[in-house]
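Visitor: As input, take work_14.txt (compact mmCIF, C-alpha atoms and all ligand atoms):
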```
# COMPACT_ATOMS: atom_id res chain seq x y z
CA MET A 1 147.54 69.97 91.75
CA LYS A 2 147.12 66.39 90.52
CA ARG A 3 149.73 64.04 91.96
CA PRO A 4 151.60 61.70 89.60
CA LYS A 5 150.26 58.14 89.76
CA LEU A 6 152.51 55.75 91.70
CA GLN A 7 153.77 52.83 89.61
CA ARG A 8 154.03 49.91 92.02
CA ARG A 9 153.62 46.36 90.84
CA PRO A 10 151.85 44.16 93.39
CA ASP A 11 155.02 42.06 93.69
CA ALA A 12 157.40 45.03 93.87
CA PRO A 13 159.54 45.34 97.01
CA PRO A 14 158.26 47.78 99.67
CA GLY A 15 159.39 51.31 98.89
CA GLN A 16 159.84 50.90 95.13
CA ALA A 17 157.06 53.34 94.10
CA ILE A 18 158.30 56.07 96.41
CA ARG A 19 161.83 55.60 95.03
CA GLN A 20 160.51 56.59 91.59
CA ARG A 21 159.22 59.83 93.11
CA TYR A 22 162.57 60.48 94.85
CA GLN A 23 164.34 60.07 91.51
CA ALA A 24 161.92 62.40 89.73
CA GLN A 25 161.78 65.17 92.35
CA GLY A 26 164.68 64.66 94.75
CA VAL A 27 164.10 63.48 98.33
CA GLU A 28 164.00 66.85 100.09
CA ARG A 29 161.74 68.48 97.48
CA PHE A 30 159.42 65.49 97.57
CA TYR A 31 158.97 65.71 101.37
CA ALA A 32 158.86 69.52 101.38
CA GLN A 33 155.89 69.28 98.98
CA GLU A 34 154.21 66.14 100.26
CA GLY A 35 155.26 65.89 103.90
CA ALA A 36 152.07 67.36 105.32
CA HIS A 37 150.12 64.46 103.79
CA TYR A 38 152.72 61.73 104.13
CA ARG A 39 151.50 58.24 104.98
CA ASN A 40 153.60 55.09 104.69
CA PRO A 41 151.72 52.63 102.43
CA HIS A 42 153.53 49.82 104.29
CA GLU A 43 152.50 51.02 107.74
CA ALA A 44 151.03 47.69 108.80
CA ILE A 45 154.31 45.89 108.04
CA VAL A 46 156.30 48.66 109.76
CA ALA A 47 154.12 48.31 112.86
CA ARG A 48 154.54 44.54 112.96
CA ALA A 49 158.31 44.83 112.45
CA ILE A 50 158.68 47.38 115.27
CA GLN A 51 156.43 45.58 117.74
CA ASP A 52 158.05 42.23 116.99
CA ALA A 53 161.53 43.77 117.39
CA VAL A 54 160.76 45.38 120.75
CA ILE A 55 159.45 42.09 122.10
CA ARG A 56 161.99 39.77 120.39
CA TRP A 57 165.02 41.74 121.57
CA SER A 58 163.53 43.14 124.82
CA LEU A 59 164.30 46.69 123.71
CA PRO A 60 163.63 49.30 126.39
CA HIS A 61 161.01 51.78 125.22
CA ALA A 62 160.03 54.06 128.12
CA HIS A 63 161.62 57.08 126.41
CA VAL A 64 162.03 56.88 122.66
CA LEU A 65 163.31 59.09 119.84
CA ASP A 66 161.34 58.54 116.62
CA LEU A 67 163.86 59.90 114.13
CA ALA A 68 162.39 61.00 110.75
CA CYS A 69 159.01 60.28 112.26
CA GLY A 70 156.82 60.84 109.18
CA SER A 71 153.17 60.82 110.22
CA GLY A 72 153.92 58.81 113.35
CA GLU A 73 154.15 55.28 111.98
CA ALA A 74 156.72 54.15 114.56
CA THR A 75 155.23 56.23 117.37
CA LEU A 76 151.77 54.73 116.88
CA ALA A 77 153.18 51.21 116.58
CA LEU A 78 154.96 51.62 119.92
CA TRP A 79 151.98 53.20 121.64
CA ALA A 80 149.86 50.23 120.53
CA ILE A 81 151.97 47.95 122.75
CA ALA A 82 153.18 50.52 125.29
CA PRO A 83 150.72 53.42 125.69
CA GLN A 84 152.85 54.98 128.45
CA SER A 85 155.96 55.38 126.28
CA GLN A 86 157.22 58.95 126.05
CA ILE A 87 158.12 59.43 122.41
CA LEU A 88 159.77 62.43 120.77
CA GLY A 89 159.18 62.73 117.03
CA VAL A 90 161.76 64.55 114.91
CA ASP A 91 161.24 65.34 111.23
CA PRO A 92 161.84 68.51 109.19
CA TYR A 93 158.94 68.01 106.76
CA THR A 94 156.03 66.17 108.37
CA SER A 95 155.12 68.12 111.51
CA GLN A 96 151.53 68.65 110.30
CA ALA A 97 151.02 64.96 109.52
CA TYR A 98 152.68 63.88 112.79
CA ARG A 99 150.53 66.22 114.86
CA ALA A 100 147.34 65.14 113.09
CA ARG A 101 147.90 61.48 113.93
CA THR A 102 149.70 61.57 117.28
CA GLY A 103 148.49 64.84 118.85
CA GLN A 104 152.15 65.76 119.49
CA ASP A 105 154.50 68.25 117.89
CA ALA A 106 157.60 66.92 116.15
CA LEU A 107 160.88 68.82 116.35
CA PRO A 108 161.80 69.97 112.82
CA TYR A 109 165.43 68.82 112.70
CA THR A 110 167.21 67.35 109.67
CA PHE A 111 169.70 64.48 109.93
CA GLN A 112 172.42 67.08 109.42
CA GLN A 113 171.19 69.17 112.35
CA VAL A 114 170.96 66.07 114.55
CA ALA A 115 174.52 65.15 113.49
CA GLN A 116 175.58 68.66 114.51
CA GLY A 117 174.13 68.22 118.01
CA ALA A 118 170.55 69.54 117.80
CA LEU A 119 169.44 66.89 120.33
CA ALA A 120 172.62 66.84 122.42
CA ASP A 121 170.78 67.78 125.62
CA GLN A 122 168.33 64.85 125.33
CA ARG A 123 168.63 61.20 126.42
CA PHE A 124 166.50 58.20 125.35
CA ASP A 125 166.28 54.45 125.99
CA LEU A 126 165.80 53.71 122.34
CA ILE A 127 166.04 55.43 118.96
CA VAL A 128 163.79 54.14 116.19
CA CYS A 129 164.46 55.15 112.60
CA SER A 130 161.92 53.64 110.22
CA PHE A 131 162.19 53.75 106.41
CA ALA A 132 164.46 56.78 106.61
CA LEU A 133 168.12 56.20 107.54
CA HIS A 134 168.97 55.34 103.92
CA LEU A 135 167.92 58.94 103.08
CA ALA A 136 170.67 60.46 105.23
CA ASP A 137 173.45 61.80 103.02
CA VAL A 138 176.38 59.38 103.22
CA SER A 139 178.70 62.27 104.00
CA TRP A 140 176.72 62.88 107.22
CA LEU A 141 175.99 59.28 108.16
CA PRO A 142 179.09 58.60 110.33
CA SER A 143 178.67 61.81 112.34
CA LEU A 144 174.91 61.27 112.58
CA CYS A 145 175.45 57.76 113.94
CA LEU A 146 178.15 58.91 116.37
CA GLY A 147 175.83 61.66 117.57
CA LEU A 148 172.94 59.22 118.02
CA ALA A 149 175.16 56.88 120.03
CA GLN A 150 175.52 59.67 122.61
CA LEU A 151 171.73 59.90 122.96
CA ALA A 152 170.65 56.29 123.56
CA PRO A 153 172.07 52.80 124.17
CA HIS A 154 169.78 51.12 121.62
CA LEU A 155 168.95 51.84 117.98
CA LEU A 156 166.28 50.06 115.94
CA VAL A 157 166.49 50.58 112.18
CA ILE A 158 163.53 49.48 110.07
CA THR A 159 164.33 49.43 106.38
CA PRO A 160 163.15 47.94 103.08
CA HIS A 161 166.79 48.15 101.91
CA LYS A 162 170.06 46.43 102.76
CA ARG A 163 171.65 49.82 103.32
CA PRO A 164 172.74 51.58 105.33
CA LEU A 165 174.93 49.12 107.19
CA LEU A 166 176.32 50.92 110.22
CA ARG A 167 179.95 50.41 111.20
CA GLU A 168 181.19 49.82 114.72
CA SER A 169 183.52 52.79 114.28
CA TRP A 170 180.33 54.89 113.95
CA GLY A 171 179.33 53.96 117.50
CA TRP A 172 176.91 51.07 116.90
CA ALA A 173 177.32 47.27 116.96
CA LEU A 174 174.73 45.16 115.13
CA LEU A 175 173.07 42.76 117.59
CA ASP A 176 170.63 41.01 115.27
CA GLU A 177 168.46 41.32 112.18
CA HIS A 178 165.00 39.96 111.45
CA ILE A 179 163.07 40.19 108.18
CA THR A 180 159.27 40.58 108.07
CA GLU A 181 157.75 40.57 104.57
CA ARG A 182 160.97 41.91 103.04
CA VAL A 183 161.27 44.68 105.66
CA ARG A 184 164.39 44.44 107.80
CA ALA A 185 164.54 45.23 111.49
CA ARG A 186 168.08 45.73 112.75
CA ALA A 187 168.87 46.13 116.43
CA TYR A 188 172.08 47.94 117.33
CA ARG A 189 173.76 48.53 120.70
CA ALA A 190 175.81 51.67 121.28
CA THR A 191 179.47 50.86 121.70
CA LEU A 192 180.18 54.12 123.51
CA SER A 193 178.07 53.60 126.65
C1 LIG A 201 159.86 57.14 103.99
S1 LIG A 201 159.54 58.39 105.20
C2 LIG A 201 159.50 57.43 106.69
C3 LIG A 201 158.63 58.05 107.72
C4 LIG A 201 158.26 57.14 108.88
N1 LIG A 201 159.39 56.96 109.79
C5 LIG A 201 157.74 55.81 108.42
O1 LIG A 201 158.16 54.77 108.94
O2 LIG A 201 156.86 55.79 107.54
C6 LIG A 201 161.09 59.23 105.30
C7 LIG A 201 161.05 60.38 106.29
O3 LIG A 201 162.35 60.98 106.29
C8 LIG A 201 162.17 62.38 106.41
N2 LIG A 201 163.35 63.05 105.85
C9 LIG A 201 163.63 63.25 104.55
N3 LIG A 201 164.79 63.91 104.43
C10 LIG A 201 165.24 64.13 105.69
C11 LIG A 201 166.39 64.77 106.24
N4 LIG A 201 167.32 65.32 105.45
N5 LIG A 201 166.54 64.81 107.57
C12 LIG A 201 165.61 64.22 108.39
N6 LIG A 201 164.50 63.61 107.93
C13 LIG A 201 164.32 63.56 106.61
C14 LIG A 201 160.90 62.69 105.65
O4 LIG A 201 160.30 63.91 106.05
C15 LIG A 201 160.05 61.47 105.95
O5 LIG A 201 159.19 61.66 107.03
```
Can you turn what I pasted into structure tokens?
Ligand SMILES: C[S@@+](CC[C@H](N)C(=O)[O-])C[C@H]1O[C@@H](n2cnc3c(N)ncnc32)[C@H](O)[C@@H]1O
Guide:
Amino acid sequence: MKRPKLQRRPDAPPGQAIRQRYQAQGVERFYAQEGAHYRNPHEAIVARAIQDAVIRWSLPHAHVLDLACGSGEATLALWAIAPQSQILGVDPYTSQAYRARTGQDALPYTFQQVAQGALADQRFDLIVCSFALHLADVSWLPSLCLGLAQLAPHLLVITPHKRPLLRESWGWALLDEHITERVRARAYRATLS
């Protein structure tokens, strides 16, 4: 089937074209249909933002959760600077794409399942969520964040948006933000540990 052409002006903010597809199809339907072939068109910026953040804020990265891992954009960016990192990818729609690029299987959990404790027996140094946390339903976001704060002391959110802004009552305190080519990297520290 022919895919609709993406309408992205050269000066449009990162993520604008994909937003048009979300509006037309709905987020979950879009990824259920396209997830196997997903690639982030802004991968180079994502990689720079993640690598810069890990170095700038000295984020530990021996054992990492790549939440909503897509085709491994964050995983590959981390491996480029830390090949020994153990990284667990989680994504309900992109397991084929993640395996093709990383050689690893991703666990197929949704944000809702993670919020309900699907990873409760795991512990990480760092959680990275790139270009995805704004997709979590707002009704699940507080419990998702509280659940994540039990899993790791550090959270790195990479986003082309201002939202979501996490609240301290959700278990995370914002340490710092840095913007690379209109992509925001936000480092959070768990307030529970
Ligand atoms: C824009 S992509 C980002 C992927 C990758 N992290 C990156 O930086 O390119 C958003 C990701 O969120 C995932 N996703 C969509 N809805 C989700 C949900 N309800 N729960 C968990 N992940 C979801 C999609 O499968 C997709 O891989």
Visitor: Rank A:Gln23, A:Thr94, A:Gln122, A:Thr159 by their smallest atom-to-atom distance to ligand LIG 201 (chain A), using only C-alpha atoms and all ligand atoms, and report the top residue only.
Guide: A:Thr94
Visitor: From the options A:Glu181, A:Asp137, A:Asp52, A:Asp125, which residue's atoms come nearest to ligand LIG 201 (chain A), counting only C-alpha atoms and all ligand atoms?
Guide: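 The closest residue to ligand LIG 201 (chain A) is A:Asp137.
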Visitor: Could you pull out the residues sitting within 8 Å of ligand LIG 201 (chain A), using only C-alpha atoms and all ligand atoms, and write them as a ChimeraX atom specification?
Guide: /A:15,18,27-28,31-32,35,38-43,46,66-74,90-94,109-113,129-133,135-137,158
Visitor: Which of these, A:Pro164, A:Gly103, A:Gly147, A:Pro142, has the shortest distance to Ala118 of chain A once you count all atoms listed in the file?
Guide: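 The closest residue to Ala118 of chain A is A:Gly147.
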Visitor: Could you check the closest approach to Leu76 of chain A for each of A:Gln51, A:Ser95, A:Thr102, A:Ser58 and tell me which residue wins, using all atoms listed in the file?
Guide: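 For Leu76 of chain A, the nearest of the candidates is A:Thr102.
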Visitor: Between A:Trp57, A:Ile81, A:Leu119, A:Arg19, which is the closest to His161 of chain A once you count all atoms listed in the file?
Guide: A:Arg19
Visitor: Extract, using all atoms listed in the file, all DNA, RNA and protein residues at most 12 Å from Gln86 of chain A, discarding same-chain residues fewer than 6 positions from it, and format them as an mmCIF file with C-alpha atoms, in the frame of the given file.
Guide:
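Output file out.cif follows:
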```
data_model
loop_
_atom_site.group_PDB
_atom_site.id
_atom_site.type_symbol
_atom_site.label_atom_id
_atom_site.label_comp_id
_atom_site.auth_asym_id
_atom_site.auth_seq_id
_atom_site.Cartn_x
_atom_site.Cartn_y
_atom_site.Cartn_z
ATOM 1 C CA PRO A 60 163.630 49.300 126.390
ATOM 2 C CA HIS A 61 161.010 51.780 125.220
ATOM 3 C CA ALA A 62 160.030 54.060 128.120
ATOM 4 C CA HIS A 63 161.620 57.080 126.410
ATOM 5 C CA VAL A 64 162.030 56.880 122.660
ATOM 6 C CA LEU A 65 163.310 59.090 119.840
ATOM 7 C CA ASP A 66 161.340 58.540 116.620
ATOM 8 C CA THR A 75 155.230 56.230 117.370
ATOM 9 C CA LEU A 76 151.770 54.730 116.880
ATOM 10 C CA LEU A 78 154.960 51.620 119.920
ATOM 11 C CA TRP A 79 151.980 53.200 121.640
ATOM 12 C CA THR A 102 149.700 61.570 117.280
ATOM 13 C CA GLN A 104 152.150 65.760 119.490
ATOM 14 C CA ARG A 123 168.630 61.200 126.420
ATOM 15 C CA PHE A 124 166.500 58.200 125.350
ATOM 16 C CA ASP A 125 166.280 54.450 125.990
ATOM 17 C CA LEU A 126 165.800 53.710 122.340
ATOM 18 C CA ILE A 127 166.040 55.430 118.960
#
```
Visitor: So what do you get for atom CA of Val54 of chain A versus atom CA of Cys145 of chain A, distance-wise?
Guide: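 Taking atom CA of Val54 of chain A and atom CA of Cys145 of chain A, their separation equals 20.4 Å.
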Visitor: So which residues are close to (164.8, 43.4, 107.2), meaning at most 12 Å away in the file's coordinates with only C-alpha atoms counted, and can you show them as number ranges by chain?
Guide: A: 13-14, 45-46, 48-50, 52-53, 130-131, 156-165, 176-187
Visitor: What's the 7 Å shell around Tyr188 of chain A, counting all atoms listed in the file, without same-chain residues fewer than 2 positions away, as a list of chain:residue names?
Guide: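 Residues meeting the cut-off are A:His154, A:Leu155, A:Leu156, A:Trp172, A:Ala173, A:Leu174, A:Leu175, A:Arg186, A:Ala190.
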Visitor: Rounded to one decimal place, report the atom CA of Arg21 of chain A-atom CA of Glu34 of chain A distance in Å.
Guide: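 That distance, rounded to one decimal, is 10.8 Å.
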Visitor: With distances taken over all atoms listed in the file, which residue among A:Thr191, A:Arg167, A:Val114, A:Ile87 lies nearest Leu144 of chain A?
Guide: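 Ranking A:Thr191, A:Arg167, A:Val114, A:Ile87 by distance to Leu144 of chain A, first place goes to A:Val114.
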Visitor: So how far away is atom CA of Ala97 of chain A from atom CA of Leu166 of chain A, in Å?
Guide: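 Going from atom CA of Leu166 of chain A over to atom CA of Ala97 of chain A, I get 28.9 Å.
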